[in-house]
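A.B. asks: This is the structure, below, for whatever I ask next.
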Amino acid sequence: MYKTGYCFFTAAVFSIFIQSCSAPKKVQTASEPPAAIITSPTPVDNTKTDALLEKLLTSNSQYFSQVIANKKQWNVQVIYTQIDRGANGIPALKNYYYNVNPANYFYPASTVKFPVSILALQRLNELKDKGIDRNTTMITEAATPMQTAVFNDPATPDGRPTIAQYIKKILMVSDNDAYNRLYEFLGQDYINNELHKRGYEDVQLLHRLQISLPQEENRKTNPVRFLDTAGNVLYQQPMQVAHAQYVLRNDSMGKAYIQGGSLINGPMDFSLKNRISLEDLHNILISLVFPNKVPGKQRFNLSEADREFLFKYMSQLPTESTYPPYSDDTARYNAAGGKYFIFGGEEKGIYPKHLRIFNKTGGAYGQLLDVAYVVDYAKKVEFFLSAVIYCNSDGVLNDDKYDYDTIGRPFLKNLGQVIYDYESQRTKKHLPDFSEFLFYYDKE
């Protein structure tokens, strides 16, 4: 049964120490064994690779020979989860990895918007006694000269800015300002504490996106007010200042970078930028799709309506959107722009209605990522797939010369297609019921 859509008419070295201990030089006798040489243990390589994914890549060398040859340089990481349903419909999950190591830093770019969107809905549930929800008008004010205010949203029918509208913008077109408004509503401490509580202890989400602000300014959030339809204040939140201190990091990327128009030789420091591992992103998505398949502490405090809302707009294409009116500007917003697996984010081509991808992509500093739950209603195919690749062959950051079109998107497109084809041929005893993931979209 199809669910009705929601229409919201609303105005972040290892150091190896080798120690040798030897006895003073003397003539050894038969009763004196040679002095032992004591060394520190060899560092453990925590990289995970499973035979299945390796075989799928190597057997499709026409697509992946370059990737396999450069997997370390390009920091390629892939996680694929098979889903097998029982007779009762309950899913059994099995993960497969390729070159996955959380110690290998990558900049997560816009994928951080996904957990923050979840947390925004969770926070609203914590404040429901104030009479506010995702459709309540949220006014964002400015408390410092570097902050900006929002009093209206021209992308809504009545001009009202809301959490719902910000999440729509994030999930359909990865709007940076919309993310910043959720970041400001939640605050740095809430975001990181809530993710750490759920076992994602290495996460550090530390800044707004697209705008460059000092570290201390990113600790501060704008004041916000939620108003009822008559303009009365339902809930008011003053500027928050984050005080948490995080584990010092030594994350860096590249061999050089552009800063202030000058080339700086040496890696660019990312130790104060956002950090979240591919495995954490993958598991957060699983916890949203199948909350009963993760431990209780990993589940977010969401209603079923919250989950359906997220599912709808993770899968809705910009060309299907009425508000925001992305469907009116197809030159800027193409159907598959946010779908890297299988479609490669290409501007042209047909996006079949029976195939839906519930995902969040990211791309910045040469990183390209996709974290997705892929569903084919007709073939009864479903699987999770997450991947990241560093497409920056010259090693220089901020030069706007990245290999997104020649390395990144083709890799993600072909990876998605290979896994999809494999899943289409894989025998399953029990087929899934996708009624939970069927929606009427704004424009059918």
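We label chains A, B, ... in the order they appear in the structure tokens, count residues from 1 in each chain, and number ligands from 1 in the order shown.
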Per DSSP on the backbone, what are the strand (DSSP E or B) residues of stretch 20-174 of chain A, as a PyMOL selection string?
C.D. replies: chain A and resi 48+77-85+91-98+100+137-140+150+162
A.B. asks: Store the residues of this selection in a file with N, CA, C and O atoms, as a JSON list (two decimals), in the first residue's frame.
C.D. replies:
[["chain", "number", "residue", "atom", "x", "y", "z"],
["A", 48, "LYS", "N", 40.12, -4.16, 6.81],
["A", 48, "LYS", "CA", 39.25, -5.31, 6.59],
["A", 48, "LYS", "C", 38.93, -5.46, 5.11],
["A", 48, "LYS", "O", 38.46, -4.52, 4.48],
["A", 77, "GLN", "N", 37.37, 2.63, 0.12],
["A", 77, "GLN", "CA", 36.77, 1.80, 1.15],
["A", 77, "GLN", "C", 35.34, 1.47, 0.72],
["A", 77, "GLN", "O", 34.62, 2.36, 0.26],
["A", 78, "VAL", "N", 34.97, 0.19, 0.88],
["A", 78, "VAL", "CA", 33.64, -0.26, 0.46],
["A", 78, "VAL", "C", 33.05, -1.17, 1.53],
["A", 78, "VAL", "O", 33.75, -2.04, 2.06],
["A", 79, "ILE", "N", 31.78, -0.97, 1.83],
["A", 79, "ILE", "CA", 31.04, -1.88, 2.70],
["A", 79, "ILE", "C", 29.75, -2.27, 1.99],
["A", 79, "ILE", "O", 29.00, -1.41, 1.51],
["A", 80, "TYR", "N", 29.52, -3.56, 1.90],
["A", 80, "TYR", "CA", 28.33, -4.10, 1.24],
["A", 80, "TYR", "C", 27.64, -5.03, 2.22],
["A", 80, "TYR", "O", 28.25, -5.92, 2.80],
["A", 81, "THR", "N", 26.35, -4.84, 2.42],
["A", 81, "THR", "CA", 25.59, -5.67, 3.34],
["A", 81, "THR", "C", 24.50, -6.42, 2.61],
["A", 81, "THR", "O", 23.62, -5.80, 1.98],
["A", 82, "GLN", "N", 24.57, -7.74, 2.68],
["A", 82, "GLN", "CA", 23.51, -8.58, 2.11],
["A", 82, "GLN", "C", 22.36, -8.67, 3.11],
["A", 82, "GLN", "O", 22.56, -8.67, 4.32],
["A", 83, "ILE", "N", 21.16, -8.76, 2.56],
["A", 83, "ILE", "CA", 19.95, -8.86, 3.38],
["A", 83, "ILE", "C", 19.20, -10.12, 2.97],
["A", 83, "ILE", "O", 18.84, -10.28, 1.80],
["A", 84, "ASP", "N", 19.00, -11.01, 3.90],
["A", 84, "ASP", "CA", 18.22, -12.22, 3.66],
["A", 84, "ASP", "C", 17.04, -12.24, 4.62],
["A", 84, "ASP", "O", 17.22, -12.19, 5.84],
["A", 85, "ARG", "N", 15.87, -12.31, 4.07],
["A", 85, "ARG", "CA", 14.65, -12.27, 4.88],
["A", 85, "ARG", "C", 14.27, -13.68, 5.34],
["A", 85, "ARG", "O", 14.39, -14.65, 4.59],
["A", 91, "PRO", "N", 14.81, -9.43, 8.66],
["A", 91, "PRO", "CA", 16.05, -9.50, 7.88],
["A", 91, "PRO", "C", 17.23, -10.04, 8.67],
["A", 91, "PRO", "O", 17.36, -9.78, 9.87],
["A", 92, "ALA", "N", 18.08, -10.81, 8.00],
["A", 92, "ALA", "CA", 19.39, -11.21, 8.52],
["A", 92, "ALA", "C", 20.42, -10.48, 7.69],
["A", 92, "ALA", "O", 20.34, -10.47, 6.45],
["A", 93, "LEU", "N", 21.38, -9.84, 8.34],
["A", 93, "LEU", "CA", 22.35, -9.00, 7.64],
["A", 93, "LEU", "C", 23.75, -9.59, 7.72],
["A", 93, "LEU", "O", 24.15, -10.13, 8.76],
["A", 94, "LYS", "N", 24.47, -9.50, 6.61],
["A", 94, "LYS", "CA", 25.87, -9.94, 6.58],
["A", 94, "LYS", "C", 26.70, -8.90, 5.86],
["A", 94, "LYS", "O", 26.43, -8.56, 4.71],
["A", 95, "ASN", "N", 27.73, -8.39, 6.55],
["A", 95, "ASN", "CA", 28.58, -7.34, 6.00],
["A", 95, "ASN", "C", 29.81, -7.91, 5.29],
["A", 95, "ASN", "O", 30.41, -8.89, 5.75],
["A", 96, "TYR", "N", 30.18, -7.25, 4.21],
["A", 96, "TYR", "CA", 31.40, -7.56, 3.49],
["A", 96, "TYR", "C", 32.18, -6.25, 3.30],
["A", 96, "TYR", "O", 31.59, -5.20, 3.03],
["A", 97, "TYR", "N", 33.52, -6.35, 3.44],
["A", 97, "TYR", "CA", 34.34, -5.15, 3.44],
["A", 97, "TYR", "C", 35.43, -5.23, 2.37],
["A", 97, "TYR", "O", 35.91, -6.31, 2.03],
["A", 98, "TYR", "N", 35.82, -4.05, 1.90],
["A", 98, "TYR", "CA", 36.98, -3.96, 1.00],
["A", 98, "TYR", "C", 37.81, -2.77, 1.43],
["A", 98, "TYR", "O", 37.36, -1.61, 1.37],
["A", 100, "VAL", "N", 38.63, -1.49, 4.23],
["A", 100, "VAL", "CA", 38.00, -0.60, 5.21],
["A", 100, "VAL", "C", 38.86, -0.50, 6.46],
["A", 100, "VAL", "O", 39.20, -1.50, 7.08],
["A", 137, "THR", "N", 7.18, 26.82, 12.63],
["A", 137, "THR", "CA", 8.07, 27.90, 12.17],
["A", 137, "THR", "C", 9.28, 28.03, 13.09],
["A", 137, "THR", "O", 9.13, 28.12, 14.32],
["A", 138, "MET", "N", 10.48, 28.01, 12.50],
["A", 138, "MET", "CA", 11.70, 28.20, 13.27],
["A", 138, "MET", "C", 12.43, 29.44, 12.77],
["A", 138, "MET", "O", 12.88, 29.49, 11.61],
["A", 139, "ILE", "N", 12.53, 30.44, 13.61],
["A", 139, "ILE", "CA", 13.25, 31.67, 13.29],
["A", 139, "ILE", "C", 14.66, 31.57, 13.84],
["A", 139, "ILE", "O", 14.86, 31.28, 15.03],
["A", 140, "THR", "N", 15.64, 31.79, 12.99],
["A", 140, "THR", "CA", 17.05, 31.76, 13.40],
["A", 140, "THR", "C", 17.56, 33.19, 13.49],
["A", 140, "THR", "O", 17.42, 33.97, 12.55],
["A", 150, "VAL", "N", 17.80, 33.95, 9.79],
["A", 150, "VAL", "CA", 16.81, 33.51, 8.80],
["A", 150, "VAL", "C", 15.42, 33.80, 9.36],
["A", 150, "VAL", "O", 15.05, 33.28, 10.41],
["A", 162, "THR", "N", 11.22, 25.96, 8.36],
["A", 162, "THR", "CA", 10.93, 24.87, 9.30],
["A", 162, "THR", "C", 12.02, 23.81, 9.24],
["A", 162, "THR", "O", 12.76, 23.71, 8.26]]
A.B. asks: Do you have the atom CA of A:Gln165-atom CA of A:Ser386 distance handy?
C.D. replies: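 Result for atom CA of A:Gln165 versus atom CA of A:Ser386: 26.1 Å, one decimal.
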A.B. asks: Check the smallest atom-to-atom distance from each of A:Gln237, A:Thr47, A:Asn398, A:Thr144 to A:Arg219 using only C-alpha atoms, then report the winner.
C.D. replies: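 Under the stated criterion, the closest residue is A:Thr144.
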A.B. asks: Taking only C-alpha atoms into account, produce a table as JSON lines in which each residue of stretch 271-311 of chain A with an atom at most 9 Å from an atom of stretch 341-363 of chain A appears once, together with its shortest atom pair and the distance in Å to one decimal, ordered by chain and rising number.
C.D. replies:
{"residue": "A:Leu285", "atom": "CA", "partner": "A:Asn359", "partner_atom": "CA", "distance": 8.4}
{"residue": "A:Leu310", "atom": "CA", "partner": "A:Phe358", "partner_atom": "CA", "distance": 8.9}
{"residue": "A:Phe311", "atom": "CA", "partner": "A:Phe358", "partner_atom": "CA", "distance": 6.5}
A.B. asks: Please save N, CA and C atoms of the selected residues as a CSV table (one decimal), in the first residue's frame.
C.D. replies:
chain,number,residue,atom,x,y,z
A,285,LEU,N,22.8,4.3,9.0
A,285,LEU,CA,21.8,4.0,8.0
A,285,LEU,C,21.0,2.7,8.3
A,310,LEU,N,11.9,10.7,6.6
A,310,LEU,CA,13.3,10.6,6.2
A,310,LEU,C,13.4,9.7,4.9
A,311,PHE,N,12.7,8.5,5.0
A,311,PHE,CA,12.8,7.6,3.8
A,311,PHE,C,12.3,8.3,2.6
